[in-house]
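Coordinates as given in coords.pdb (PDB, C-alpha atoms):
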```
ATOM      1  CA  MET A 136       0.000   0.000   0.000  1.00  0.00           C
ATOM      2  CA  ALA A 137       1.316   3.417  -0.889  1.00  0.00           C
ATOM      3  CA  ARG A 138       2.000   5.583   2.105  1.00  0.00           C
ATOM      4  CA  SER A 139       3.440   9.026   2.129  1.00  0.00           C
ATOM      5  CA  THR A 140       5.933  10.051   4.763  1.00  0.00           C
ATOM      6  CA  ASP A 141       4.210  13.381   5.460  1.00  0.00           C
ATOM      7  CA  ASN A 142       1.155  11.739   7.106  1.00  0.00           C
ATOM      8  CA  LYS A 143      -1.156  12.718   4.260  1.00  0.00           C
ATOM      9  CA  PRO A 144      -3.600  10.073   3.021  1.00  0.00           C
ATOM     10  CA  ALA A 145      -2.665   8.017  -0.017  1.00  0.00           C
ATOM     11  CA  THR A 146      -3.974   9.637  -3.183  1.00  0.00           C
ATOM     12  CA  ASP A 147      -3.676   6.670  -5.553  1.00  0.00           C
ATOM     13  CA  LYS A 148      -7.271   5.825  -6.490  1.00  0.00           C
ATOM     14  CA  ASN A 149      -6.370   2.115  -6.547  1.00  0.00           C
ATOM     15  CA  VAL A 150      -5.103   2.169  -2.965  1.00  0.00           C
ATOM     16  CA  SER A 151      -7.517   2.278  -0.055  1.00  0.00           C
ATOM     17  CA  ASN A 152      -6.386   3.885   3.165  1.00  0.00           C
ATOM     18  CA  THR A 153      -9.338   2.315   4.982  1.00  0.00           C
ATOM     19  CA  ILE A 154      -7.879  -1.206   4.886  1.00  0.00           C
ATOM     20  CA  LYS A 155      -4.759  -1.496   6.978  1.00  0.00           C
ATOM     21  CA  ASP A 156      -3.047  -4.387   8.695  1.00  0.00           C
ATOM     22  CA  PRO A 157      -4.067  -4.244  12.376  1.00  0.00           C
ATOM     23  CA  ASP A 158      -0.401  -4.655  13.328  1.00  0.00           C
ATOM     24  CA  GLU A 159       0.210  -1.238  11.740  1.00  0.00           C
ATOM     25  CA  TRP A 160      -2.580   0.610  13.583  1.00  0.00           C
ATOM     26  CA  THR A 161      -1.311   3.451  15.754  1.00  0.00           C
ATOM     27  CA  THR A 162      -4.043   2.638  18.293  1.00  0.00           C
ATOM     28  CA  GLY A 163      -3.751  -1.136  17.929  1.00  0.00           C
ATOM     29  CA  GLU A 164      -2.429  -1.644  21.450  1.00  0.00           C
ATOM     30  CA  GLU A 165      -5.403   0.112  23.056  1.00  0.00           C
ATOM     31  CA  PRO A 166      -8.169  -2.034  24.563  1.00  0.00           C
ATOM     32  CA  MET A 167     -10.768  -3.256  22.064  1.00  0.00           C
ATOM     33  CA  THR A 168     -13.765  -1.012  21.550  1.00  0.00           C
ATOM     34  CA  GLY A 169     -17.223  -1.773  22.858  1.00  0.00           C
ATOM     35  CA  ALA A 170     -18.412  -2.420  19.314  1.00  0.00           C
ATOM     36  CA  GLN A 171     -15.589  -4.897  18.716  1.00  0.00           C
ATOM     37  CA  GLU A 172     -16.344  -6.709  21.962  1.00  0.00           C
ATOM     38  CA  SER A 173     -20.052  -6.906  21.187  1.00  0.00           C
ATOM     39  CA  TYR A 174     -19.486  -8.282  17.691  1.00  0.00           C
ATOM     40  CA  LEU A 175     -16.830 -10.681  18.957  1.00  0.00           C
ATOM     41  CA  ARG A 176     -19.245 -12.047  21.555  1.00  0.00           C
ATOM     42  CA  THR A 177     -21.874 -12.583  18.856  1.00  0.00           C
ATOM     43  CA  LEU A 178     -19.418 -14.375  16.562  1.00  0.00           C
ATOM     44  CA  ALA A 179     -17.894 -16.404  19.383  1.00  0.00           C
ATOM     45  CA  SER A 180     -21.335 -17.507  20.535  1.00  0.00           C
ATOM     46  CA  GLU A 181     -22.170 -18.699  17.019  1.00  0.00           C
ATOM     47  CA  ALA A 182     -18.817 -20.471  16.764  1.00  0.00           C
ATOM     48  CA  GLY A 183     -19.079 -22.021  20.234  1.00  0.00           C
ATOM     49  CA  GLU A 184     -15.940 -20.240  21.427  1.00  0.00           C
ATOM     50  CA  GLU A 185     -14.944 -17.943  24.273  1.00  0.00           C
ATOM     51  CA  VAL A 186     -13.878 -14.287  24.061  1.00  0.00           C
ATOM     52  CA  ASP A 187     -10.789 -13.006  25.857  1.00  0.00           C
ATOM     53  CA  PRO A 188     -12.000  -9.741  27.450  1.00  0.00           C
ATOM     54  CA  ASN A 189      -8.471  -8.312  27.502  1.00  0.00           C
ATOM     55  CA  LEU A 190      -7.817  -8.170  23.752  1.00  0.00           C
ATOM     56  CA  THR A 191      -6.338  -5.088  22.137  1.00  0.00           C
ATOM     57  CA  LYS A 192      -7.999  -3.400  19.179  1.00  0.00           C
ATOM     58  CA  ALA A 193      -5.597  -5.133  16.791  1.00  0.00           C
ATOM     59  CA  GLU A 194      -6.046  -8.557  18.409  1.00  0.00           C
ATOM     60  CA  ALA A 195      -9.828  -8.159  18.405  1.00  0.00           C
ATOM     61  CA  SER A 196      -9.798  -7.264  14.716  1.00  0.00           C
ATOM     62  CA  LYS A 197      -7.789 -10.373  13.868  1.00  0.00           C
ATOM     63  CA  ARG A 198     -10.052 -12.545  16.018  1.00  0.00           C
ATOM     64  CA  ILE A 199     -13.127 -11.088  14.312  1.00  0.00           C
ATOM     65  CA  ASP A 200     -11.620 -12.009  10.940  1.00  0.00           C
ATOM     66  CA  GLU A 201     -10.971 -15.570  12.160  1.00  0.00           C
ATOM     67  CA  LEU A 202     -14.468 -16.002  13.547  1.00  0.00           C
ATOM     68  CA  GLN A 203     -16.086 -14.494  10.464  1.00  0.00           C
ATOM     69  CA  GLU A 204     -14.261 -17.101   8.416  1.00  0.00           C
ATOM     70  CA  LYS A 205     -15.367 -19.861  10.758  1.00  0.00           C
ATOM     71  CA  THR A 206     -19.015 -18.757  10.911  1.00  0.00           C
ATOM     72  CA  GLY A 207     -19.379 -17.559   7.317  1.00  0.00           C
ATOM     73  CA  ARG A 208     -20.352 -14.075   8.453  1.00  0.00           C
ATOM     74  CA  GLY A 209     -18.967 -10.992   6.836  1.00  0.00           C
ATOM     75  CA  LYS A 210     -18.464 -12.629   3.456  1.00  0.00           C
ATOM     76  CA  THR A 211     -19.532 -10.720   0.397  1.00  0.00           C
ATOM     77  CA  PRO A 212     -22.189 -12.585  -1.608  1.00  0.00           C
ATOM     78  CA  LYS A 213     -21.035 -13.698  -5.037  1.00  0.00           C
ATOM     79  CA  SER A 214     -22.757 -11.982  -7.948  1.00  0.00           C
TER      80      SER A 214
END
```
Could you write out this file's structure as structure tokens?
Amino acid sequence: MARSTDNKPATDKNVSNTIKDPDEWTTGEEPMTGAQESYLRTLASEAGEEVDPNLTKAEASKRIDELQEKTGRGKTPKS
């Protein structure tokens, strides 16, 4: 992904600055948000798994991705 060094958003129309690896988030080490925790609990319940209440934002995002894959949620329908 193109990234400028002057902290301005990427301007390449083919590059999205809304999709970023959670390991690169500047706030990734902060505690997960309430919305993340709520969605994680929903996914974990459907998957029959537990939720670690002490996840960071980045860890929660990765866990959401894993559980979405496991449960089939969050997938874009094929046209």
Neighbouring residues of A:Lys192 were defined as those with any atom within 8 Å, considering only C-alpha atoms; residues of the same chain fewer than 6 positions away were excluded. Please report them as a list in words.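 The contact residues come out as Pro157, Thr162, Gly163, Glu164, Glu165, Pro166, Met167, Thr168 and Gln171 of chain A.
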So what do you get for atom CA of A:Ala193 versus atom CA of A:Ser173, distance-wise? 15.2 Å
So what do you get for atom CA of A:Thr161 versus atom CA of A:Leu202, distance-wise?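 Going from atom CA of A:Thr161 over to atom CA of A:Leu202 covers 23.6 Å.
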Between atom CA of A:Glu159 and atom CA of A:Gln203 - distance in Å to one decimal: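 Those two atoms sit 21.0 Å apart.
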Run the PyMOL selection byres ((chain A and resi 174) around 12) mentally over the shown coordinates, then write out the matched residues as a list in words, using the chain letters and numbers from the document. Met167, Thr168, Gly169, Ala170, Gln171, Glu172, Ser173, Leu175, Arg176, Thr177, Leu178, Ala179, Ser180, Glu181, Val186, Ala195, Ser196, Arg198, Ile199, Asp200, Leu202, Gln203, Arg208 and Gly209 of chain A
When you count all atoms listed in the file, which of these residues is closest to A:Asp156: A:Ala182, A:Lys210, A:Lys197, A:Leu190?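 Counting all atoms listed in the file, the residue closest to A:Asp156 is A:Lys197.
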